[in-house]
Amino acid sequence: MSRGKPTPGAASSSSASPAVGRALDILVHLAERPGLVQVATIARDLGIPRSSAYHILTVLADRGFVTHVPEEQAYGLGVASFEVGSAYLRHEPLERLARPILRTLAGRLGQTVHLGILHGAETVYLLKERPPAGRAGDVDIALVTDIGVRLPAHLTANGRAILAHTSEAQLRALFPRPGDLTTRTGKGPRTLPGLAGELAGERERGCSEEVELVTRGFRSMGVAAFDHNERPVAAISSTWRRHHCRHDTGTVRDILRHGAARLTAAVSGRTPRTWAGD
């Protein structure tokens, strides 16, 4: 449930530093907007002087909490804001809520299932659930995605599922240089426009996939879970040998989507109204 917009001028009456209150108001305001916001709009909506808004935004940008897109003269949330928001759910409650969901999915799929989050430009795996004994074969032995492992988010299905629902400004902040789009197998997006195009297609399909981007001979599929502001907080993914899948990809997608929807509900989140298939 949205917190709603702050009352104009409310921060200035705070017993704490007015600048701190205004900075928090700006972050909340940006979090509730679907795209980039210009300074004039922020100042008008929050009832603060434009000069003050510029100053606060500059400080927030220096620390990574907002990102500035010069060609549009507008601002959006930065990587630091995303990490702070994710940190709330990175702890035991998220894992506790997700564990029975992942256990069910691993049993239904007969494949290893992961819970991952975005930390900067990396996927961090929080949970790993294997299928019942005897069903995984030698697949799990070859996987590099153990708990705590970090991998480039743009290469993993888990990370791509989250990135597909982040803003263009956040993508620019996460991958500011061409060299940030690394590769493990010689495959994968090499430019930010190329990555953005792939993510747009995955967002429309309602799932993200990678084929041999992390490990040769394997493919993965991931689906995001969302918070109360319809923003991605984690993703559920599954990996299997490229030519030996127990199910067709449509079935894997539907099972993962059902699990992600359960996790979204468990964290009192909301699936975006524009999400494919909803």
# chains A, B, ... in the order shown; residues from 1 in each chain; ligands from 1
>>> residues_around(residues="Gly269 (chain A)", least_positions_apart="4", cutoff="8 Å", atoms="only C-alpha atoms", output="list in words")
Ala225, Phe226, Asp227, His228, Asn229, Glu230, Thr264 and Ala265 of chain A
>>> residues_around(residues="region 155-162 of chain A", least_positions_apart="5", cutoff="9 Å", atoms="only C-alpha atoms", output="PyMOL selection string")
chain A and resi 114-118+121-125+181-184+187-189+199+202-203+206-211+213-214+219-225+231-239
>>> atom_distance(atom1="CA of Gly107 (chain A)", atom2="CA of Phe218 (chain A)")
19.5 Å
>>> residues_around(residues="Ala106 (chain A)", least_positions_apart="6", cutoff="8 Å", atoms="only C-alpha atoms", output="JSON, numbers by chain")
{"A": [112, 113, 129, 130, 131, 132]}
>>> atom_distance(atom1="CA of Leu174 (chain A)", atom2="CA of Ser268 (chain A)")
26.9 Å
>>> select_by_dssp(residues="region 17-173 of chain A", states="strand (DSSP E or B)", output="count of residues only")
29
>>> residues_around(residues="Pro178 (chain A)", least_positions_apart="4", cutoff="8 Å", atoms="only C-alpha atoms", output="PyMOL selection string")
chain A and resi 190-192
>>> atom_distance(atom1="CA of Leu77 (chain A)", atom2="CA of Leu27 (chain A)")
7.2 Å
>>> closest_residue(among="A:Arg63, A:Arg172, A:Arg99, A:His68", to="Val39 (chain A)", atoms="only C-alpha atoms")
A:His68
>>> closest_residue(among="A:Gly197, A:Gly148, A:Pro100, A:Gly259", to="Leu163 (chain A)", atoms="only C-alpha atoms")
A:Gly197
>>> select_by_dssp(residues="region 44-262 of chain A", states="alpha helix (DSSP H)", output="ChimeraX atom specification")
/A:44-46,50-62,79-90,92-109,139-142,157-163,168-174,192-205,249-262
>>> write_last_selection(atoms="C-alpha atoms", output="PDB file, in the first residue's frame")
ATOM      1  CA  ARG A  44       5.998  22.040  -6.938  1.00  0.00           C
ATOM      2  CA  ASP A  45       4.606  18.755  -5.613  1.00  0.00           C
ATOM      3  CA  LEU A  46       6.509  18.918  -2.335  1.00  0.00           C
ATOM      4  CA  ARG A  50      13.531  24.884  -6.477  1.00  0.00           C
ATOM      5  CA  SER A  51      17.013  25.913  -5.305  1.00  0.00           C
ATOM      6  CA  SER A  52      16.654  23.669  -2.254  1.00  0.00           C
ATOM      7  CA  ALA A  53      15.463  20.787  -4.426  1.00  0.00           C
ATOM      8  CA  TYR A  54      18.509  21.198  -6.708  1.00  0.00           C
ATOM      9  CA  HIS A  55      20.885  21.214  -3.757  1.00  0.00           C
ATOM     10  CA  ILE A  56      19.367  18.136  -2.107  1.00  0.00           C
ATOM     11  CA  LEU A  57      19.226  16.223  -5.396  1.00  0.00           C
ATOM     12  CA  THR A  58      22.896  16.996  -6.036  1.00  0.00           C
ATOM     13  CA  VAL A  59      23.868  15.556  -2.653  1.00  0.00           C
ATOM     14  CA  LEU A  60      21.668  12.488  -3.168  1.00  0.00           C
ATOM     15  CA  ALA A  61      23.146  11.954  -6.641  1.00  0.00           C
ATOM     16  CA  ASP A  62      26.712  12.195  -5.282  1.00  0.00           C
ATOM     17  CA  VAL A  79      21.377   2.241  -7.104  1.00  0.00           C
ATOM     18  CA  ALA A  80      21.861   3.090  -3.421  1.00  0.00           C
ATOM     19  CA  SER A  81      18.118   3.567  -2.956  1.00  0.00           C
ATOM     20  CA  PHE A  82      17.467   0.221  -4.608  1.00  0.00           C
ATOM     21  CA  GLU A  83      20.010  -1.488  -2.353  1.00  0.00           C
ATOM     22  CA  VAL A  84      18.557   0.045   0.804  1.00  0.00           C
ATOM     23  CA  GLY A  85      15.087  -1.079  -0.205  1.00  0.00           C
ATOM     24  CA  SER A  86      16.304  -4.576  -1.036  1.00  0.00           C
ATOM     25  CA  ALA A  87      18.216  -4.835   2.249  1.00  0.00           C
ATOM     26  CA  TYR A  88      14.957  -4.775   4.196  1.00  0.00           C
ATOM     27  CA  LEU A  89      13.909  -8.006   2.510  1.00  0.00           C
ATOM     28  CA  ARG A  90      17.386  -9.554   2.271  1.00  0.00           C
ATOM     29  CA  GLU A  92      15.662 -13.761   7.367  1.00  0.00           C
ATOM     30  CA  PRO A  93      11.970 -12.806   6.795  1.00  0.00           C
ATOM     31  CA  LEU A  94      12.287 -12.965   3.001  1.00  0.00           C
ATOM     32  CA  GLU A  95      14.172 -16.236   3.123  1.00  0.00           C
ATOM     33  CA  ARG A  96      11.730 -17.697   5.640  1.00  0.00           C
ATOM     34  CA  LEU A  97       8.750 -16.763   3.479  1.00  0.00           C
ATOM     35  CA  ALA A  98      10.372 -18.000   0.278  1.00  0.00           C
ATOM     36  CA  ARG A  99      11.786 -21.327   1.480  1.00  0.00           C
ATOM     37  CA  PRO A 100       8.538 -23.381   1.430  1.00  0.00           C
ATOM     38  CA  ILE A 101       7.609 -21.852  -1.925  1.00  0.00           C
ATOM     39  CA  LEU A 102      10.945 -22.839  -3.455  1.00  0.00           C
ATOM     40  CA  ARG A 103      10.695 -26.327  -1.964  1.00  0.00           C
ATOM     41  CA  THR A 104       7.323 -26.827  -3.667  1.00  0.00           C
ATOM     42  CA  LEU A 105       8.634 -25.501  -6.990  1.00  0.00           C
ATOM     43  CA  ALA A 106      11.702 -27.754  -6.904  1.00  0.00           C
ATOM     44  CA  GLY A 107       9.446 -30.743  -6.366  1.00  0.00           C
ATOM     45  CA  ARG A 108       7.081 -29.800  -9.181  1.00  0.00           C
ATOM     46  CA  LEU A 109       9.846 -29.044 -11.650  1.00  0.00           C
ATOM     47  CA  VAL A 139      22.731 -31.209 -12.934  1.00  0.00           C
ATOM     48  CA  ASP A 140      23.233 -29.757  -9.475  1.00  0.00           C
ATOM     49  CA  ILE A 141      26.872 -30.795  -9.392  1.00  0.00           C
ATOM     50  CA  ALA A 142      27.645 -28.521 -12.357  1.00  0.00           C
ATOM     51  CA  ALA A 157      17.902 -15.247 -15.530  1.00  0.00           C
ATOM     52  CA  ASN A 158      17.392 -14.326 -11.884  1.00  0.00           C
ATOM     53  CA  GLY A 159      19.039 -10.936 -12.238  1.00  0.00           C
ATOM     54  CA  ARG A 160      17.484 -10.210 -15.624  1.00  0.00           C
ATOM     55  CA  ALA A 161      14.015 -10.869 -14.169  1.00  0.00           C
ATOM     56  CA  ILE A 162      14.618  -8.020 -11.733  1.00  0.00           C
ATOM     57  CA  LEU A 163      16.384  -5.754 -14.225  1.00  0.00           C
ATOM     58  CA  GLU A 168      16.036   3.158 -17.792  1.00  0.00           C
ATOM     59  CA  ALA A 169      17.732   5.549 -15.380  1.00  0.00           C
ATOM     60  CA  GLN A 170      18.515   2.715 -12.973  1.00  0.00           C
ATOM     61  CA  LEU A 171      19.971   0.608 -15.784  1.00  0.00           C
ATOM     62  CA  ARG A 172      22.242   3.507 -16.723  1.00  0.00           C
ATOM     63  CA  ALA A 173      23.330   3.853 -13.117  1.00  0.00           C
ATOM     64  CA  LEU A 174      24.042   0.129 -12.808  1.00  0.00           C
ATOM     65  CA  LEU A 192      23.196  -0.918 -22.801  1.00  0.00           C
ATOM     66  CA  PRO A 193      20.656  -0.404 -25.637  1.00  0.00           C
ATOM     67  CA  GLY A 194      21.073  -4.076 -26.534  1.00  0.00           C
ATOM     68  CA  LEU A 195      20.463  -5.137 -22.934  1.00  0.00           C
ATOM     69  CA  ALA A 196      17.477  -2.800 -22.595  1.00  0.00           C
ATOM     70  CA  GLY A 197      15.943  -4.243 -25.756  1.00  0.00           C
ATOM     71  CA  GLU A 198      16.320  -7.811 -24.517  1.00  0.00           C
ATOM     72  CA  LEU A 199      14.852  -6.912 -21.127  1.00  0.00           C
ATOM     73  CA  ALA A 200      11.862  -5.203 -22.759  1.00  0.00           C
ATOM     74  CA  GLY A 201      11.085  -8.395 -24.652  1.00  0.00           C
ATOM     75  CA  GLU A 202      11.411 -10.484 -21.493  1.00  0.00           C
ATOM     76  CA  ARG A 203       9.152  -8.104 -19.599  1.00  0.00           C
ATOM     77  CA  GLU A 204       6.484  -8.534 -22.280  1.00  0.00           C
ATOM     78  CA  ARG A 205       6.796 -12.338 -22.106  1.00  0.00           C
ATOM     79  CA  THR A 249       9.485 -23.823 -21.371  1.00  0.00           C
ATOM     80  CA  GLY A 250       5.870 -22.671 -21.153  1.00  0.00           C
ATOM     81  CA  THR A 251       5.229 -25.048 -18.253  1.00  0.00           C
ATOM     82  CA  VAL A 252       8.405 -23.946 -16.470  1.00  0.00           C
ATOM     83  CA  ARG A 253       7.368 -20.304 -16.907  1.00  0.00           C
ATOM     84  CA  ASP A 254       3.874 -20.919 -15.522  1.00  0.00           C
ATOM     85  CA  ILE A 255       5.175 -22.820 -12.487  1.00  0.00           C
ATOM     86  CA  LEU A 256       7.739 -20.126 -11.711  1.00  0.00           C
ATOM     87  CA  ARG A 257       5.166 -17.354 -12.205  1.00  0.00           C
ATOM     88  CA  HIS A 258       2.849 -19.062  -9.747  1.00  0.00           C
ATOM     89  CA  GLY A 259       5.668 -19.281  -7.201  1.00  0.00           C
ATOM     90  CA  ALA A 260       6.654 -15.635  -7.720  1.00  0.00           C
ATOM     91  CA  ALA A 261       3.019 -14.589  -7.275  1.00  0.00           C
ATOM     92  CA  ARG A 262       2.891 -16.499  -3.977  1.00  0.00           C
TER      93      ARG A 262
END
>>> decode(residues="region 231-246 of chain A", atoms="N, CA, C and O atoms", output="CSV table (one decimal), in the first residue's frame")
chain,number,residue,atom,x,y,z
A,231,ARG,N,7.5,-2.8,-7.3
A,231,ARG,CA,8.9,-2.8,-7.7
A,231,ARG,C,9.5,-4.2,-7.4
A,231,ARG,O,9.1,-4.8,-6.3
A,232,PRO,N,10.4,-4.7,-8.2
A,232,PRO,CA,10.9,-6.0,-8.0
A,232,PRO,C,11.9,-6.0,-6.8
A,232,PRO,O,12.7,-5.1,-6.6
A,233,VAL,N,11.7,-7.0,-5.9
A,233,VAL,CA,12.5,-7.1,-4.7
A,233,VAL,C,13.4,-8.4,-4.8
A,233,VAL,O,14.4,-8.5,-4.0
A,234,ALA,N,13.0,-9.4,-5.6
A,234,ALA,CA,13.7,-10.6,-5.6
A,234,ALA,C,13.2,-11.4,-6.9
A,234,ALA,O,12.3,-10.9,-7.6
A,235,ALA,N,13.8,-12.5,-7.2
A,235,ALA,CA,13.4,-13.3,-8.3
A,235,ALA,C,13.6,-14.8,-7.9
A,235,ALA,O,14.5,-15.1,-7.2
A,236,ILE,N,12.7,-15.6,-8.5
A,236,ILE,CA,12.8,-17.0,-8.4
A,236,ILE,C,13.2,-17.6,-9.8
A,236,ILE,O,12.7,-17.2,-10.8
A,237,SER,N,14.2,-18.5,-9.8
A,237,SER,CA,14.7,-19.0,-11.0
A,237,SER,C,15.0,-20.5,-10.9
A,237,SER,O,15.1,-21.0,-9.8
A,238,SER,N,15.0,-21.1,-12.1
A,238,SER,CA,15.4,-22.5,-12.2
A,238,SER,C,16.3,-22.8,-13.3
A,238,SER,O,16.3,-22.1,-14.3
A,239,THR,N,17.2,-23.7,-13.2
A,239,THR,CA,18.3,-24.0,-14.1
A,239,THR,C,18.2,-25.5,-14.5
A,239,THR,O,18.0,-26.4,-13.7
A,240,TRP,N,18.5,-25.8,-15.8
A,240,TRP,CA,18.5,-27.2,-16.3
A,240,TRP,C,19.4,-27.3,-17.5
A,240,TRP,O,19.8,-26.3,-18.0
A,241,ARG,N,19.8,-28.5,-17.8
A,241,ARG,CA,20.6,-28.8,-18.9
A,241,ARG,C,19.8,-28.4,-20.2
A,241,ARG,O,18.6,-28.7,-20.3
A,242,ARG,N,20.5,-27.7,-21.1
A,242,ARG,CA,19.8,-27.1,-22.2
A,242,ARG,C,19.0,-28.1,-23.0
A,242,ARG,O,17.9,-27.8,-23.5
A,243,HIS,N,19.5,-29.3,-23.2
A,243,HIS,CA,18.8,-30.2,-24.1
A,243,HIS,C,18.1,-31.3,-23.3
A,243,HIS,O,17.7,-32.3,-23.9
A,244,HIS,N,18.0,-31.2,-22.0
A,244,HIS,CA,17.4,-32.2,-21.2
A,244,HIS,C,16.4,-31.6,-20.1
A,244,HIS,O,16.7,-31.6,-18.9
A,245,CYS,N,15.4,-31.0,-20.6
A,245,CYS,CA,14.4,-30.4,-19.7
A,245,CYS,C,13.2,-31.3,-19.5
A,245,CYS,O,12.7,-32.0,-20.4
A,246,ARG,N,12.7,-31.4,-18.2
A,246,ARG,CA,11.6,-32.3,-17.9
A,246,ARG,C,10.3,-31.7,-18.4
A,246,ARG,O,9.3,-32.4,-18.6
